[in-house]
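All remarks here apply to the structure that follows.
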Amino acid sequence: MWEYANPKRFMGWTAPVLPWAFGLSAVCLTIGLIWGFFFTPVDFRQGSTVKIIYLHVPSALMAINAWVMMLMASLIWLVRRHHVSALAAKAAAPVGVAMTLIALATGAIWGQPMWGTYWAWDPRLTSFLILFLFYLGYMALWAAIEDPDTAADLTSVLCIVGSVFAFLSRYAVNFWNQGLHQGASLSLDKEKNVADVFYQPLLFAIGGFVILFFALVLLRTRTEIRKRRIGALQRREG
Amino acid sequence: MIPLLRRDLMLATRAGGGFGLALVFFLIVIVLVPFGVGPETDILSRIAPGILWVAALLAALLSLDRIFALDHEDGTLTLIATAPVPLETVAVAKSLVHWITTGLPLTIAAPFLGVLLQLDPAGFAAVAGSLLLGTPALSVIGTFGAALTVGVRRGGLLLSLLVLPLYVPTLIFGAEVARRGVAELELTTPLLMLAGITAGAVALLPFATAAVLRMNLR
Amino acid sequence: MIPLLRRDLMLATRAGGGFGLALVFFLIVIVLVPFGVGPETDILSRIAPGILWVAALLAALLSLDRIFALDHEDGTLTLIATAPVPLETVAVAKSLVHWITTGLPLTIAAPFLGVLLQLDPAGFAAVAGSLLLGTPALSVIGTFGAALTVGVRRGGLLLSLLVLPLYVPTLIFGAEVARRGVAELELTTPLLMLAGITAGAVALLPFATAAVLRMNLR
Amino acid sequence: MPDLGKYAAEVLLAYGVSLFILIGIVVLSWRQSQRTKRDLDAAEAQCNG
Amino acid sequence: MLRVRDLAVARGGRTVLEGVSFDVNPGEALILRGANGIGKTTLLRTLAGLQDPVAGDITFPEDEGAYASHADAVKTALSVTENLTFWADIYGNPVPDMIWDAFDIADLRDRSAGTLSAGQKRRLGLARLGVIGRKVLFLDEPTVSLDGFSVRLFTNFIRTEHLAKGGVAVIATHIDLGLSAPTLELDTYAASDRPARSSSDEAFL
Amino acid sequence: MLRVRDLAVARGGRTVLEGVSFDVNPGEALILRGANGIGKTTLLRTLAGLQDPVAGDITFPEDEGAYASHADAVKTALSVTENLTFWADIYGNPVPDMIWDAFDIADLRDRSAGTLSAGQKRRLGLARLGVIGRKVLFLDEPTVSLDGFSVRLFTNFIRTEHLAKGGVAVIATHIDLGLSAPTLELDTYAASDRPARSSSDEAFL
Ligand code: HEM
Ligand SMILES: Nc1ncnc2c1ncn2[C@@H]1O[C@H](COP(=O)(O)OP(=O)(O)OP(=O)(O)O)[C@@H](O)[C@H]1O
Ligand SMILES: Nc1ncnc2c1ncn2[C@@H]1O[C@H](COP(=O)(O)OP(=O)(O)OP(=O)(O)O)[C@@H](O)[C@H]1O
Ligand SMILES: [Mg+2]
Ligand SMILES: [Mg+2]
């Protein structure tokens with residue numbers, strides 16, 4: 001299996017996969033979002049804002065999953081030193097940031113009508129802000145280190161240590177805001193949203209986001225491999 | 001370890017060393033806050049434990065980049081790396097010196113400065129205790145961040161950005177202990193969590209720090 | 001003046017330059033404060049204008065020591081002093097770059113970060129306006145302090161101590177403007193005072209800065 | 001167009017911002033990919049030529 | 001062009017050299033020699049106006065002096081070209097084309113100065129002298145870290161681009177530059193252990 | 001004692017030297033010469049284990065290497081004695097008495113290192129070598145800023161205190177140290193424009 005992670009092999013098998021992945025994600029996203037936006041009823045309590053869920057939940061999911069993927073890629077790099085996995089981690093970070101931003105933005109916009117404020121220090125929101133900072137730090141570290149292997153090493157360690165602290169933060173934030181009478185109206189109302197009418201288009205949207213994420217990571221990894229190759233060629237030239 | 005400790009403490013206490021820096025910065029924040037938010041006693045005393053913790057954290061954060069940067073610039077770090085001292089020891093020594101020059105004085109000063117913020121005297125012990133328990137974690141985590149950015153020219157910005165999210169759990173539990181202490185509430189859970197974070201960080205992070213230093217000095 | 005400005009801005013925007021530093025530090029303070037003082041909206045929104053001002057001031061304070069220190073260390077400052085540029089011009093250029101890299105971005109970011117602190121949207125204009133008016137004074141005063149300590153090895157501590165009291169009037173009037181703006185009160189007096197401080201500092205302090213630089217380089 | 005009621009602005013804004021970010025990251029990634037591909041071709045041509 | 005009479009200079013509150021007198025005419029150089037710690041750096045800083053003399057006079061045309069110290073004043077975050085352009089702009093001159101070959105930095109133009117080797121960085125630091133167009137140069141160990149070839153490049157530059165055009169140079173060095181110029185041995189001017197004559201200490205003596 | 005075979009070293013991702021082989025027996029020194037930027041610093045850092053070689057082997061007794069770089073590693077806030085004591089403690093040795101005269105720093109013992117002249121500071125940096133008691137020294141331009149007398153002091157130290165006791169030294173320098181030792185001209189080893197053999201670039205070529 002590892003041989004597919006050799007840069008040349010990787011470039012080979014991803015080239016034909018890429019258009020399919022983008023196409024499929026476009027189809028899923030179109031179905032999910034159009035269905036959700038045009039053909040679902042309005043929630044009796046949240047009004048039309050419930051339609052935001054088709055963007056909010058998939059992006060929130062992918063924001064977390066992107067980090068998990070980076071964590072695995074980092075571990076693979078540290079253990080097996082596969083260049084592609086290090087570069088894939090690097091490639092995933094900006095996509096993760098985009099997902100986090102979408103989740104934060106849609107959440108904030110949703111918050112205004114629901115809670116009367118764009119931002120509250122709700123545990124989930126807070127964890128996302130922290131996740132956002134983790135992404136920024138991770139990307140900044142990649143950008144700051146010149147030697148590509150050292151950068152891969154350092155960012156991998158940061159990703160691992162950061163994951164541990166991200167877990168701790170999640171727990172801490174829950175604890176911090178727990179006894180602090182955040183009004184009941186502010187809590188995320190789960191029961192309402194899992195009704196079938198909302199659920200099916202949501203599945204499509206989630207599927208679209210997942211496939212889009214992978215397509216983007218493949219594309220960006222290819223770019224990173226090419227960049228690395230340019231660097232190697234230039235160094236050979238002197 | 002001992003020579004490293006002794007030298008770093010000596011450097012810290014000399015003119016321009018880091019010893020007073022953290023304390024002065026702590027003082028500055030505490031003094032400025034009432035000018036900013038206004039002099040109302042009730043507000044001040046309500047935010048006092050939190051502000052003390054935030055100020056302590058900022059003071060720790062700001063003194064991080066001198067942990068390795070000065071030794072790196074003048075070539076000492078490479079020489080220490082080739083000396084018969086394991087880098088893990090270096091990491092521990094650096095963290096310890098950072099704590100002695102920031103965490104410890106801040107802990108001692110906190111109750112006194114708390115007075116400026118109208119901190120309820122009932123909370124002195126809780127604030128000082130939470131700082132005593134939490135600041136070692138700040139030093140150890142910070143040393144790790146400093147090691148990550150040691151090769152980066154003027155990495156202060158990057159360092160702050162990297163360390164900030166890592167500081168969040170310590171801050172939350174530390175400030176929670178302090179606030180509950182002031183309000184005389186039950187504080188076992190956050191206290192245990194704070195102690196756990198510190199113990200875990202002190203036990204494990206020096207290895208990560210040494211590994212990262214090794215990668216950076218390669 | 002133009003080459004100095006251009007070079008300093010170039011240096012500031014390169015990796016490791018100071019451009020993001022102030023902004024990131026500002027962000028850090030704003031994010032940490034709720035973790036410290038707790039998530040209650042009423043408290044946060046009440047202290048928001050003050051905390052924004054204190055955070056801006058700290059961000060400005062922290063970026064002061066790079067105004068001259070880096071040029072001093074690598075010998076550039078002595079060479080600039082013997083170049084055909086009056087030191088007054090150097091002082092103005094340095095202040096201006098400091099403001100562009102700290103004051104200006106902080107002013108722009110303040111309303112957005114204010115959201116995190118539950119700042120009343122009615123106060124956005126007042127907070128941003130007071131910062132726009134007050135931060136030039138912070139930069140000019142800070143440049144003066146940096147010039148005072150330019151000969152001191154690692155003078156960061158001393159610098160903070162010297163500049164802190166000089167910052168107090170600006171902070172008091174600035175935060176007052178912001179708070180009155182949020183509360184929609186009459187704010188002519190503090191606004192005029194703030195404008196006066198800034199105008200006076202900008203007009204006069206560069207001469208003091210140049211004089212002090214001359215003494216220090218002798 | 002469905003009736004979005006009194007929250008039309010919010011919903012549309014949310015969709016607008018999200019699509020903007022999504023399209024942004026896709027376009028950015030694609031443009032970067034094209035640029036590096038060009039650069040790499042140039043570098044390889046230089047190597048062989 | 002440069003006239004020094006009975007100069008005494010101090011460092012760290014102690015007079016290190018005294019009674020230094022010399023003249024340098026246009027087109028001439030003067031080599032300063034002396035053991036480590038004798039006061040070469042102190043003397044050059046005083047000549048360049050960076051510190052006040054304890055006694056004596058220094059005369060040279062105003063706004064014509066330039067100093068190059070142990071430190072290179074090279075900004076590691078800028079490229080080689082950007083470093084030179086900055087100094088050219090400050091002095092209101094263009095960067096002369098000959099500079100790239102004169103200091104053999106043509107290949108390094110676009111390199112970030114932080115990635116230069118010790119000698120390359122030094123060459124960049126010296127190239128500044130060709131950019132600022134000053135007539136009276138005070139150079140403190142300019143050839144530190146330079147290999148033999150680069151030393152000759154430097155000597156050549158001083159001879160053909162600076163002295164030949166009527167400039168003067170005072171150069172402290174420990175090595176033989178291959179420049180035919182008079183030498184001033186500073187060891188003979190070392191201040192004896194007499195009280196420092198710093199004007200402000202005097203009040204307390 | 002020191003055996004180097006077919007070594008290739010890289011800096012900034014580019015192989016700068018390759019095919020370097022030599023042996024140094026106990027009591028011998030080797031002088032490295034080469035133009036600025038040829039890769040002396042890079043080679044010495046690789047030998048000292050501060051970076052990995054691109055190819056080739058380096059063997060010398062474990063825990064016997066020591067490196068001295070362009071930078072002095074002198075703490076300006078500490079006194080001269082404190083600086084030396086620190087290194088002695090780190091290596092678990094006492095500070096030998098001969099060191100003060102060997103580097104002519106006896107008079108400077110209590111001076112803060114920040115007030116030393118360039119050459120005095122360099123002497124202090126070199127004195128570290130006499131304190132750490134390592135047998136295999138890698139020295140990068142040790143005599144920068146030193147006057148003729150100090151250079152002789154240093155050469156003397158290397159000859160009588162280090163080589164005579166069975167140590168070896170690899171010294172990069174641009175000047176004549178007056179040490180009778182073989183010279184390695186690095187210019188002949190400059191890596192040609194053949195592919196960089198950095199192991200991690202290989203995967204992408
Ligand atoms: C900036 C603000 C917000 C952020 C960062 C945020 C973040 C998240 C996250 C991380 C999830 C979890 C996804 C999952 O585990 O499945 C989620 C789910 C959800 N959020 Fe938000 N949220 C925000 C604001 C809001 C607001 C204002 C509302 C509406 C009142 C809301 C409603 C929901 C709903 C209904 C779910 C789905 C829950 C489920 O069934 O799993 N969110 N959000
Ligand atoms: N702050 C100080 N206090 C006391 N003495 C000082 C101080 N600073 C410098 N000195 C001494 O002043 C003397 C002159 O120093 P200077 O740097 O001018 O010497 P130099 O001739 O340039 O030496 P080098 O060739 O080593 O560069 C030296 O002996 C130095 O030790
Ligand atoms: N980050 C980098 N990127 C590209 N090239 C670099 C980088 N760092 C150093 N170099 C180059 O590597 C080469 C080797 O540098 P090194 O410092 O080893 O030279 P040196 O022989 O010690 O020179 P000197 O005598 O000037 O000290 C130099 O040509 C230098 O310009
Ligand atoms: Mg000198
Ligand atoms: Mg070198």
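Letters for chains follow the order of the structure tokens (A, B, ...), residue numbers begin at 1 for each chain, and ligand numbers begin at 1 in the order shown.
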- prompt: Which protein, DNA or RNA residues have an atom within 10 Å of ligand 2, counting only C-alpha atoms and all ligand atoms, as a PyMOL selection string?
  reply: (chain E and resi 9-17+32-46+69-70+140-141+172-174+186-187+190) or (chain F and resi 107-108+111-123+144-147+150)
message: Taking only C-alpha atoms and all ligand atoms into account, which residues have an atom no farther than 6 Å from ligand 1? I'd like them as a list in words.
response: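 Going residue by residue within 6 Å of ligand 1, we get Val57, Ala60, Leu61, Ala103, Leu104, Ala105, Gly107, Ala108, Trp110, Gly111, Met114, Arg124, Leu125, Phe128, Leu188, Asp189 and Lys190 of chain A.
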Chain E least-squares fitted onto chain F over all paired C-alpha atoms, as a CSV table (one decimal) with C-alpha atoms, in the first residue's frame:
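So out_12.csv came out as:
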chain,number,residue,atom,x,y,z
E,1,MET,CA,42.0,9.4,15.3
E,2,LEU,CA,39.8,11.3,12.8
E,3,ARG,CA,38.9,9.5,9.6
E,4,VAL,CA,36.8,11.0,6.9
E,5,ARG,CA,35.8,9.0,3.8
E,6,ASP,CA,34.2,10.3,0.7
E,7,LEU,CA,32.2,13.0,2.5
E,8,ALA,CA,29.6,15.2,0.8
E,9,VAL,CA,28.0,18.1,2.7
E,10,ALA,CA,25.1,20.3,1.9
E,11,ARG,CA,24.0,23.8,2.9
E,12,GLY,CA,20.7,25.5,2.0
E,13,GLY,CA,19.6,22.3,0.2
E,14,ARG,CA,22.6,22.4,-2.2
E,15,THR,CA,25.6,20.0,-2.0
E,16,VAL,CA,28.6,22.3,-1.7
E,17,LEU,CA,31.5,19.8,-1.2
E,18,GLU,CA,31.8,16.2,-2.2
E,19,GLY,CA,34.4,13.4,-2.2
E,20,VAL,CA,36.3,14.8,0.8
E,21,SER,CA,38.5,12.1,2.4
E,22,PHE,CA,41.3,12.5,4.9
E,23,ASP,CA,42.9,11.1,8.1
E,24,VAL,CA,44.2,13.0,11.0
E,25,ASN,CA,46.4,11.1,13.4
E,26,PRO,CA,46.8,11.9,17.1
E,27,GLY,CA,49.0,14.9,17.6
E,28,GLU,CA,48.3,16.2,14.1
E,29,ALA,CA,46.3,19.1,12.7
E,30,LEU,CA,44.7,19.7,9.4
E,31,ILE,CA,44.3,23.1,7.8
E,32,LEU,CA,41.3,23.7,5.6
E,33,ARG,CA,41.6,26.3,3.0
E,34,GLY,CA,39.3,27.6,0.3
E,35,ALA,CA,37.6,30.6,-1.1
E,36,ASN,CA,34.8,32.3,0.8
E,37,GLY,CA,31.6,30.4,0.4
E,38,ILE,CA,33.3,27.2,-0.7
E,39,GLY,CA,31.8,25.3,2.3
E,40,LYS,CA,34.4,25.3,5.1
E,41,THR,CA,31.8,26.2,7.7
E,42,THR,CA,29.4,23.6,6.3
E,43,LEU,CA,32.1,20.9,6.4
E,44,LEU,CA,33.1,21.7,10.0
E,45,ARG,CA,29.6,21.6,11.2
E,46,THR,CA,29.1,18.3,9.5
E,47,LEU,CA,32.2,16.9,11.1
E,48,ALA,CA,31.1,18.1,14.5
E,49,GLY,CA,27.8,16.3,14.1
E,50,LEU,CA,25.7,19.5,13.9
E,51,GLN,CA,24.3,18.5,10.6
E,52,ASP,CA,24.1,15.2,8.7
E,53,PRO,CA,26.4,14.4,5.8
E,54,VAL,CA,24.8,13.9,2.4
E,55,ALA,CA,27.1,11.0,1.9
E,56,GLY,CA,30.3,9.4,3.4
E,57,ASP,CA,31.6,8.5,6.8
E,58,ILE,CA,33.1,10.4,9.7
E,59,THR,CA,34.7,8.4,12.5
E,60,PHE,CA,36.4,9.7,15.7
E,61,PRO,CA,36.2,8.6,19.3
E,62,GLU,CA,32.7,9.3,20.7
E,63,ASP,CA,32.3,12.3,23.0
E,64,GLU,CA,35.6,13.7,22.0
E,65,GLY,CA,34.6,16.3,19.4
E,66,ALA,CA,34.2,20.0,20.0
E,67,TYR,CA,33.3,22.8,17.7
E,68,ALA,CA,34.2,26.5,17.6
E,69,SER,CA,32.2,28.6,15.2
E,70,HIS,CA,32.3,32.1,13.8
E,71,ALA,CA,30.2,33.0,16.8
E,72,ASP,CA,32.0,33.2,20.1
E,73,ALA,CA,29.3,31.8,22.4
E,74,VAL,CA,30.5,34.5,24.9
E,75,LYS,CA,27.8,35.8,27.2
E,76,THR,CA,28.2,39.5,27.4
E,77,ALA,CA,26.4,39.8,30.7
E,78,LEU,CA,28.8,37.5,32.5
E,79,SER,CA,32.3,38.2,33.5
E,80,VAL,CA,35.3,36.5,31.8
E,81,THR,CA,35.8,34.1,34.6
E,82,GLU,CA,32.1,33.2,34.8
E,83,ASN,CA,32.0,32.5,31.1
E,84,LEU,CA,34.9,30.0,31.4
E,85,THR,CA,33.6,28.5,34.6
E,86,PHE,CA,30.3,27.7,33.0
E,87,TRP,CA,32.0,25.6,30.3
E,88,ALA,CA,34.3,24.0,32.7
E,89,ASP,CA,31.3,23.0,34.9
E,90,ILE,CA,29.3,21.7,31.9
E,91,TYR,CA,32.2,19.4,31.0
E,92,GLY,CA,32.9,18.6,34.6
E,93,ASN,CA,36.5,19.9,34.5
E,94,PRO,CA,38.2,22.6,36.6
E,95,VAL,CA,39.4,25.7,34.8
E,96,PRO,CA,43.1,25.0,34.3
E,97,ASP,CA,45.4,27.7,35.6
E,98,MET,CA,47.5,27.8,32.4
E,99,ILE,CA,44.5,29.1,30.5
E,100,TRP,CA,44.8,32.7,31.7
E,101,ASP,CA,48.3,33.1,30.4
E,102,ALA,CA,47.8,30.9,27.4
E,103,PHE,CA,45.2,33.3,26.0
E,104,ASP,CA,46.5,36.4,27.8
E,105,ILE,CA,43.2,37.1,29.6
E,106,ALA,CA,44.6,37.1,33.1
E,107,ASP,CA,44.1,40.9,33.3
E,108,LEU,CA,40.5,40.6,32.1
E,109,ARG,CA,39.3,38.0,34.6
E,110,ASP,CA,36.8,40.2,36.3
E,111,ARG,CA,35.8,42.3,33.3
E,112,SER,CA,32.3,41.9,32.0
E,113,ALA,CA,32.6,40.2,28.7
E,114,GLY,CA,30.5,42.9,27.1
E,115,THR,CA,33.2,45.4,27.6
E,116,LEU,CA,35.9,43.5,25.7
E,117,SER,CA,37.4,44.6,22.4
E,118,ALA,CA,36.8,42.3,19.4
E,119,GLY,CA,40.1,40.5,19.8
E,120,GLN,CA,39.8,40.1,23.6
E,121,LYS,CA,36.4,38.6,23.1
E,122,ARG,CA,37.7,36.2,20.5
E,123,ARG,CA,40.5,35.1,22.9
E,124,LEU,CA,37.9,34.4,25.5
E,125,GLY,CA,35.9,32.3,23.0
E,126,LEU,CA,39.0,30.3,22.2
E,127,ALA,CA,40.0,29.8,25.8
E,128,ARG,CA,36.9,27.6,26.1
E,129,LEU,CA,38.8,25.0,24.1
E,130,GLY,CA,41.4,24.7,26.8
E,131,VAL,CA,38.7,24.2,29.4
E,132,ILE,CA,36.6,21.5,27.9
E,133,GLY,CA,39.3,19.0,27.5
E,134,ARG,CA,38.2,17.5,24.2
E,135,LYS,CA,40.6,15.7,21.9
E,136,VAL,CA,39.1,16.4,18.5
E,137,LEU,CA,38.7,20.1,17.7
E,138,PHE,CA,36.9,21.6,14.7
E,139,LEU,CA,37.8,25.2,14.5
E,140,ASP,CA,36.2,27.7,12.1
E,141,GLU,CA,38.4,30.7,11.5
E,142,PRO,CA,39.6,30.8,15.1
E,143,THR,CA,41.9,33.8,14.5
E,144,VAL,CA,39.4,36.3,13.2
E,145,SER,CA,40.1,39.7,14.8
E,146,LEU,CA,43.3,38.5,16.5
E,147,ASP,CA,46.5,40.5,16.2
E,148,GLY,CA,49.8,38.8,15.3
E,149,PHE,CA,50.8,38.2,18.9
E,150,SER,CA,47.5,36.6,19.8
E,151,VAL,CA,47.6,34.4,16.7
E,152,ARG,CA,50.9,33.1,18.0
E,153,LEU,CA,49.5,32.6,21.4
E,154,PHE,CA,46.7,30.5,19.9
E,155,THR,CA,49.1,28.5,17.7
E,156,ASN,CA,51.2,27.9,20.7
E,157,PHE,CA,48.3,26.7,22.7
E,158,ILE,CA,47.2,24.3,19.9
E,159,ARG,CA,50.7,23.0,19.5
E,160,THR,CA,51.8,22.6,23.1
E,161,GLU,CA,48.6,22.1,25.0
E,162,HIS,CA,46.5,20.2,22.5
E,163,LEU,CA,48.5,18.4,19.8
E,164,ALA,CA,51.4,17.6,22.1
E,165,LYS,CA,48.9,15.8,24.3
E,166,GLY,CA,47.6,13.6,21.5
E,167,GLY,CA,44.7,15.8,20.3
E,168,VAL,CA,43.8,16.5,16.8
E,169,ALA,CA,42.5,19.7,15.2
E,170,VAL,CA,40.8,20.6,11.9
E,171,ILE,CA,41.2,24.3,11.4
E,172,ALA,CA,39.6,26.4,8.7
E,173,THR,CA,41.5,29.6,8.2
E,174,HIS,CA,42.4,32.3,5.6
E,175,ILE,CA,45.7,33.3,7.2
E,176,ASP,CA,49.0,31.6,7.9
E,177,LEU,CA,48.9,30.2,11.4
E,178,GLY,CA,52.5,29.2,11.5
E,179,LEU,CA,51.5,25.7,12.4
E,180,SER,CA,53.4,23.0,10.6
E,181,ALA,CA,50.4,20.9,9.4
E,182,PRO,CA,49.1,19.5,6.2
E,183,THR,CA,46.7,21.7,4.2
E,184,LEU,CA,43.5,20.6,2.5
E,185,GLU,CA,42.5,22.8,-0.4
E,186,LEU,CA,38.7,22.5,-0.6
E,187,ASP,CA,38.5,24.2,-4.0
E,188,THR,CA,39.1,20.9,-5.6
E,189,TYR,CA,36.2,19.3,-3.9
E,190,ALA,CA,33.6,21.8,-4.8
E,191,ALA,CA,30.5,20.0,-5.9
E,192,SER,CA,29.8,20.4,-9.5
E,193,ASP,CA,26.4,21.6,-10.6
E,194,ARG,CA,25.1,18.1,-10.5
E,195,PRO,CA,21.8,17.5,-8.7
E,196,ALA,CA,22.0,17.8,-5.0
E,197,ARG,CA,22.0,14.3,-3.5
E,198,SER,CA,20.2,15.2,-0.4
E,199,SER,CA,18.4,12.1,0.6
E,200,SER,CA,15.1,13.7,1.0
E,201,ASP,CA,15.2,15.7,-2.3
E,202,GLU,CA,16.0,12.5,-4.1
E,203,ALA,CA,12.5,11.3,-3.8
E,204,PHE,CA,11.4,14.1,-6.0
E,205,LEU,CA,14.0,13.9,-8.7
task: Kindly give the distance, in Å, that separates CA of Leu40 (chain D) and CA of Arg226 (chain A), rounded to a single decimal.
output: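 We find that CA of Leu40 (chain D) and CA of Arg226 (chain A) lie 6.5 Å from each other.
With only C-alpha atoms and all ligand atoms as the atoms that count, the minimum distance from ligand 3 to the choices A:Met11, A:Ala93, A:Met69, A:Ile145 is reached by A:Ile145.
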- request: Write out as a list in words which residues come within 10 Å of Ile100 (chain B) when counting only C-alpha atoms, dropping same-chain ones fewer than 4 positions away.
  value: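 The residues that qualify are Leu9, Ala12, Phe19, Lys94, Ser95, Leu96, Leu104, Pro105, Leu106, Thr135, Pro136 and Ser139 of chain B.
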query: Do you know which residues are at most 8 Å from His98 (chain B) counting only C-alpha atoms, after dropping those on the same chain fewer than 4 positions away, and could you put them as an MDAnalysis selection string?
result: chainID B and resid 63:64 67 94 102:103 139
Keeping only N, CA, C and O atoms, write those residues as a short mmCIF file (atom, residue, chain, number, x, y, z; two decimals), in the first residue's frame.
data_model
loop_
_atom_site.label_atom_id
_atom_site.label_comp_id
_atom_site.auth_asym_id
_atom_site.auth_seq_id
_atom_site.Cartn_x
_atom_site.Cartn_y
_atom_site.Cartn_z
N SER B 63 8.00 36.27 27.96
CA SER B 63 9.40 35.99 28.30
C SER B 63 9.85 34.69 27.64
O SER B 63 10.98 34.27 27.84
N LEU B 64 8.97 34.08 26.85
CA LEU B 64 9.34 32.80 26.24
C LEU B 64 10.47 32.93 25.24
O LEU B 64 11.35 32.09 25.19
N ILE B 67 14.04 32.28 26.02
CA ILE B 67 14.49 30.99 26.57
C ILE B 67 15.62 30.41 25.73
O ILE B 67 16.66 30.01 26.25
N LYS B 94 15.95 24.77 31.27
CA LYS B 94 15.40 26.01 30.73
C LYS B 94 14.00 26.28 31.27
O LYS B 94 13.66 27.42 31.63
N THR B 102 9.73 33.67 36.24
CA THR B 102 8.42 34.26 35.97
C THR B 102 7.34 33.69 36.89
O THR B 102 6.77 34.40 37.69
N GLY B 103 7.10 32.38 36.79
CA GLY B 103 6.00 31.79 37.54
C GLY B 103 6.07 32.08 39.04
O GLY B 103 5.11 32.54 39.66
N SER B 139 5.32 27.32 31.92
CA SER B 139 6.75 27.35 31.57
C SER B 139 7.13 26.18 30.68
O SER B 139 7.87 26.34 29.70
#
message: Applying 12 Å and only C-alpha atoms, which residues near Ala122 (chain B) remain after dropping the ones on its own chain fewer than 4 positions away? List them as a ChimeraX atom specification.
response: /B:45,49,111,114-115,118,126-128,178-185
message: Quick one: residues within 12 Å of Gly174 (chain C), only C-alpha atoms, excluding same-chain residues fewer than 4 positions away - as a ChimeraX atom specification?
response: /B:35-38 /C:49-54,56-57,126-138,167-170,178-181,187-198
field: Atom-to-atom span, atom 25 (O, counted along the ligand's line) of ligand 3 and CA of Ile230 (chain A), Å
entry: 28.7 Å
query: Using only C-alpha atoms, which residue out of C:Leu44, C:Ala59, C:Met1, C:Val140 lies closest to chain E?
result: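 Looking only at the distances to chain E, the closest residue turns out to be C:Met1.
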query: Mind pulling up the distance from CA of Lys90 (chain A) to CA of Thr221 (chain A)?
result: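 Computing it gives 7.8 Å between the two atoms.
Closest to chain F among C:Val90, C:Val29, C:Val152, C:Met215 is C:Val152, based on only C-alpha atoms.
Distance annotation: of C:Val31, C:Pro39, C:Leu205, C:Thr76, the residue with the minimal separation from Pro123 (chain A) is C:Pro39; atom set is only C-alpha atoms.
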Backbone DSSP call of helix (DSSP H, G or I) for chain B, listed as an MDAnalysis selection string: chainID B and resid 2:13 19:37 41:62 64:66 69:73 76:81 87:116 121:148 156:182 188:217
